[in-house]
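See structure below.
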Amino acid sequence: MTTRLYYDSDALTFTAAVIAHDGDPTRVVLDRTAFYPTSGGQPHDTGTLGGVAVVDVIDDDERIVHVLAAPLDLGPVEGQVDADRRHDHTVQHTAQHLLSALAADRLGWETASVHFGADRSLIEFDTAAASDDELAALEGWAAAAVAEGLPVTVGYEDAAMASGLRKPPAREGIIRVVTIEGLDRSACGGTHVTSTARLGSIWVRGSERIRGRTRVEYLAGQRVLAAARGAVARLERLAAAAGAAPAELEELIPRRLEALREAEVRLEALERELATHEAARLVAAVPAQADGARWVVEARSSRSPAALRRLADAMRELPGAVFLATRTDPPTVLLAAHPDSGVVAGARLKEALAAVGGRGGGSAVLAQGTVPESAALDRVVAALVPA
């Protein structure tokens with residue numbers, strides 16, 4: 001059995017004894033520990049045991065298993081919990097209790113599940129939707145509770161006698177109860193701050209609908225400041241790249257995006273015009289077959305797929321023109337034909353591709369497909385182009 005020091009103490013340095021290995025000397029069981037195991041949505045602590053890194057902490061009923069980066073012998077050991085990670089998780093967990101209590105009491109939203117991630121925390125509420133006004137109100141109520149500095153206390157009660165709990169306890173006997181004065185009483189084994197004032201601040205960032213419920217994202221404590229600093233830094237980098245002040249971006253970016261869209265339209269028109277002229281030049285440069293078709297072949301082309309498609313679109317508008325192009329990365333084939341060329345693009349290409357294990361097809365005037373390997377491209381060309 002492992003005594004859980006974190007239940008009643010904030011101490012992060014402790015002495016203990018390694019009393020067992022859980023099948024491997026890198027998985028140790030202590031007689032007592034300050035390391036919090038992954039439980040109740042709160043991630044595990046990290047730190048060191050006897051100078052060896054603790055990479056995971058597992059709740060194994062009455063034991064806690066510490067997974068280490070290297071083996072550790074049985075006997076006395078000193079443990080050190082990572083203070084920054086513990087404090088962050090403690091703040092996120094207490095903020096969740098506060099938000100869940102306020103949401104239930106004032107909005108009627110019951111908490112279905114929680115998740116404390118590395119960079120954001122989530123509460124899934126049993127409500128179909130959350131408006132911006134409701135989220136803003138929830139954030140405002142939380143800010144008021146932080147400003148009040150409400151005491152957060154831990155006690156032990158008989159589950160059968162405990163009253164006013166947020167949810168019925170999942171176990172019988174003595175339970176650990178975390179209380180936010182005047183707001184919440186919850187059975188919980190997690191770590192918590194001693195006052196809502198120690199949360200610093202809470203930012204409700206938004207919500208999304210999932211499985212008929214609403215998932216709310218929030219940040220608390222130093223995560224709020226880190227996110228704000230990150231956002232400001234990104235804004236300043238964008239402003240510098242745009243040659244403007246951050247305050248000017250709100251007006252500048254939409255204007256430049258519109259100018260970019262207009263330029264893209266003009267560029268597309270020019271590229272299509274260029275493709276039309278190039279198609280005419282290429283078709284005029286090849287002799288007509290006996291049936292009148294003029295085959296333009298561009299094997300292993302270095303053009304982009306978009307440029308080949310524009311050229312193919314232009315080719316199929318020219319009487320008698322047939323355009324065949326291949327690319328090696330990935331191995332693809334494109335075939336375009338004017339209706340009077342006598343070439344039905346889709347049917348011809350599908351047949352040629354099938355012969356080499358490829359796949360594809362299309363309409364009578366435009367078709368494309370792929371082959372398993374580049375070496376097959378030449379065989380497709382040979383099969384399609386008249387001798």
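Chain labels follow the order of the structure tokens: the first chain is A, the next B, and so on; residue numbering restarts at 1 in every chain, and ligands are counted from 1 in their shown order.
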
Find the spatial neighbours of stretch 345-352 of chain A, counting only C-alpha atoms, within a cut-off of 9 Å - ignore same-chain residues fewer than 6 positions away - and output them as a short mmCIF file (atom, residue, chain, number, x, y, z; two decimals) with C-alpha atoms, in the first residue's frame.
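New file selection.cif:
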```cif
data_model
loop_
_atom_site.label_atom_id
_atom_site.label_comp_id
_atom_site.auth_asym_id
_atom_site.auth_seq_id
_atom_site.Cartn_x
_atom_site.Cartn_y
_atom_site.Cartn_z
CA VAL A 322 -4.78 15.68 -79.17
CA VAL A 333 -1.07 10.64 -67.44
CA LEU A 334 -3.26 13.36 -68.93
CA LEU A 335 -5.06 13.06 -72.29
CA ALA A 336 -7.11 15.79 -73.97
CA ALA A 337 -8.72 15.67 -77.43
CA GLY A 358 -2.96 1.71 -63.84
CA ARG A 359 -6.29 3.34 -63.15
CA GLY A 360 -8.15 6.33 -64.51
CA GLY A 361 -10.65 7.66 -67.00
CA GLY A 362 -12.69 10.71 -67.81
CA SER A 363 -14.84 12.29 -70.48
CA ALA A 364 -14.52 12.08 -74.25
CA VAL A 365 -12.43 15.26 -74.34
CA LEU A 366 -10.41 15.09 -71.09
CA ALA A 367 -9.13 12.15 -69.05
CA GLN A 368 -6.41 11.42 -66.52
CA GLY A 369 -5.06 8.56 -64.46
CA ARG A 379 4.50 2.12 -72.26
CA VAL A 380 1.30 4.13 -71.94
CA VAL A 381 2.61 6.76 -74.34
CA ALA A 383 0.25 2.48 -76.67
CA LEU A 384 -1.63 5.74 -77.24
#
```

Residues within 6 Å of A:His115, please, as a PyMOL selection string. Count only C-alpha atoms; anything in the same chain fewer than 3 positions from it doesn't count.
chain A and resi 41+121-122

Can you pull out the residues contacting A:Glu134? Cut-off 10 Å, using only C-alpha atoms, and skip same-chain residues under 5 positions away; I want them as a PyMOL selection string.
chain A and resi 103+106-107+129+139-140

To test your reading of the structure, identify every residue in stretch 98-233 of chain A that backbone DSSP assigns to strand (DSSP E or B), and report it as a ChimeraX atom specification.
/A:111-116,121-125,151-158,174-180,184-187,195,202-210,213-220

Nearest-residue call for A:Asp126, choices A:Gly149, A:Gly230, A:Pro37, A:Gly212, using only C-alpha atoms:
A:Gly212

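With only C-alpha atoms as the basis for measurement, A:Val193 is the residue among A:Leu235, A:Val296, A:Ala241, A:Val193 that approaches A:Tyr6 most closely.
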
To one decimal place, how far is atom CA of A:Glu250 from atom CA of A:Glu262 in Å?
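Separation of atom CA of A:Glu250 and atom CA of A:Glu262: 19.4 Å.
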
Among stretch 101-304 of chain A, which ones does DSSP place in helix (DSSP H, G or I), written as a compact mmCIF listing (two decimals) with C-alpha atoms, in the first residue's frame?
```
# COMPACT_ATOMS: atom_id res chain seq x y z
CA ALA A 101 -19.87 24.73 -10.05
CA LEU A 102 -20.74 28.13 -11.55
CA ALA A 103 -22.00 26.56 -14.78
CA ALA A 104 -24.23 24.13 -12.90
CA ASP A 105 -25.65 26.63 -10.43
CA ARG A 106 -26.21 29.57 -12.77
CA LEU A 107 -26.63 28.02 -16.22
CA ASP A 132 -21.10 33.78 -26.52
CA ASP A 133 -23.02 35.70 -23.87
CA GLU A 134 -23.23 32.64 -21.62
CA LEU A 135 -19.52 31.96 -21.97
CA ALA A 136 -18.72 35.59 -21.23
CA ALA A 137 -20.95 35.46 -18.15
CA LEU A 138 -19.25 32.26 -16.96
CA GLU A 139 -15.85 33.90 -17.35
CA GLY A 140 -17.05 36.98 -15.46
CA TRP A 141 -18.42 34.93 -12.55
CA ALA A 142 -15.14 33.04 -12.34
CA ALA A 143 -13.16 36.30 -12.31
CA ALA A 144 -15.31 37.57 -9.43
CA ALA A 145 -14.70 34.37 -7.47
CA VAL A 146 -10.95 34.69 -8.04
CA ALA A 147 -11.04 38.29 -6.84
CA GLU A 148 -12.91 37.25 -3.68
CA THR A 196 -9.32 30.95 -5.52
CA ALA A 197 -7.06 34.02 -5.48
CA ARG A 198 -4.14 31.71 -6.29
CA LEU A 199 -5.74 30.88 -9.63
CA GLN A 222 0.19 31.24 -15.97
CA ARG A 223 -1.33 29.67 -19.08
CA VAL A 224 -3.41 32.83 -19.56
CA LEU A 225 -0.33 35.05 -19.49
CA ALA A 226 1.65 32.67 -21.72
CA ALA A 227 -1.18 32.58 -24.28
CA ALA A 228 -1.53 36.37 -24.23
CA ARG A 229 2.20 36.86 -24.69
CA GLY A 230 2.25 34.34 -27.52
CA ALA A 231 -0.64 36.07 -29.25
CA VAL A 232 1.01 39.48 -28.94
CA ALA A 233 4.31 38.13 -30.27
CA ARG A 234 2.57 36.58 -33.30
CA LEU A 235 0.69 39.82 -33.92
CA GLU A 236 3.91 41.83 -33.81
CA ARG A 237 5.63 39.43 -36.22
CA LEU A 238 2.69 39.69 -38.64
CA ALA A 239 2.72 43.47 -38.36
CA ALA A 240 6.45 43.61 -39.06
CA ALA A 241 6.03 41.36 -42.11
CA ALA A 242 3.24 43.60 -43.37
CA PRO A 246 -0.25 45.97 -34.99
CA ALA A 247 -3.24 48.28 -34.61
CA GLU A 248 -3.36 48.75 -38.40
CA LEU A 249 -3.67 45.04 -39.23
CA GLU A 250 -7.42 44.83 -38.70
CA GLU A 251 -7.98 47.28 -41.56
CA LEU A 252 -4.92 46.35 -43.62
CA ILE A 253 -5.31 42.57 -43.88
CA PRO A 254 -8.84 42.48 -45.40
CA ARG A 255 -7.80 45.14 -47.92
CA ARG A 256 -4.68 43.23 -48.94
CA LEU A 257 -6.55 39.93 -49.10
CA GLU A 258 -9.06 41.47 -51.48
CA ALA A 259 -6.21 42.85 -53.61
CA LEU A 260 -4.62 39.39 -53.60
CA ARG A 261 -7.86 37.75 -54.72
CA GLU A 262 -8.18 40.25 -57.57
CA ALA A 263 -4.55 39.64 -58.57
CA GLU A 264 -5.11 35.87 -58.56
CA VAL A 265 -8.11 36.27 -60.87
CA ARG A 266 -6.06 38.43 -63.24
CA LEU A 267 -3.15 35.98 -63.10
CA GLU A 268 -5.44 33.04 -63.85
CA ALA A 269 -6.85 34.86 -66.87
CA LEU A 270 -3.35 35.68 -68.14
CA GLU A 271 -2.17 32.11 -67.64
CA ARG A 272 -5.13 30.76 -69.56
CA GLU A 273 -4.49 33.25 -72.35
CA LEU A 274 -0.85 32.19 -72.44
CA ALA A 275 -1.90 28.53 -72.52
CA THR A 276 -4.18 29.27 -75.48
CA HIS A 277 -1.31 30.84 -77.46
CA GLU A 278 1.11 28.04 -76.53
CA ALA A 279 -1.42 25.35 -77.47
CA ALA A 280 -1.90 26.91 -80.90
CA ARG A 281 1.87 27.07 -81.42
CA LEU A 282 2.42 23.48 -80.38
CA VAL A 283 -0.40 22.10 -82.52
CA ALA A 284 0.81 24.04 -85.57
```

Distance query A:Pro151 at most 7 Å, only C-alpha atoms, self and fewer than 6 positions along chain excluded, as an mmCIF file with C-alpha atoms, in the first residue's frame:
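Wrote it out as around-v2.cif, contents follow:
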```cif
data_model
loop_
_atom_site.group_PDB
_atom_site.id
_atom_site.type_symbol
_atom_site.label_atom_id
_atom_site.label_comp_id
_atom_site.auth_asym_id
_atom_site.auth_seq_id
_atom_site.Cartn_x
_atom_site.Cartn_y
_atom_site.Cartn_z
ATOM 1 C CA ILE A 180 -14.703 26.047 -2.461
ATOM 2 C CA GLU A 181 -16.339 28.141 0.219
ATOM 3 C CA THR A 194 -5.793 26.835 -1.042
ATOM 4 C CA SER A 195 -7.624 29.931 -2.296
ATOM 5 C CA THR A 196 -9.318 30.952 -5.519
#
```
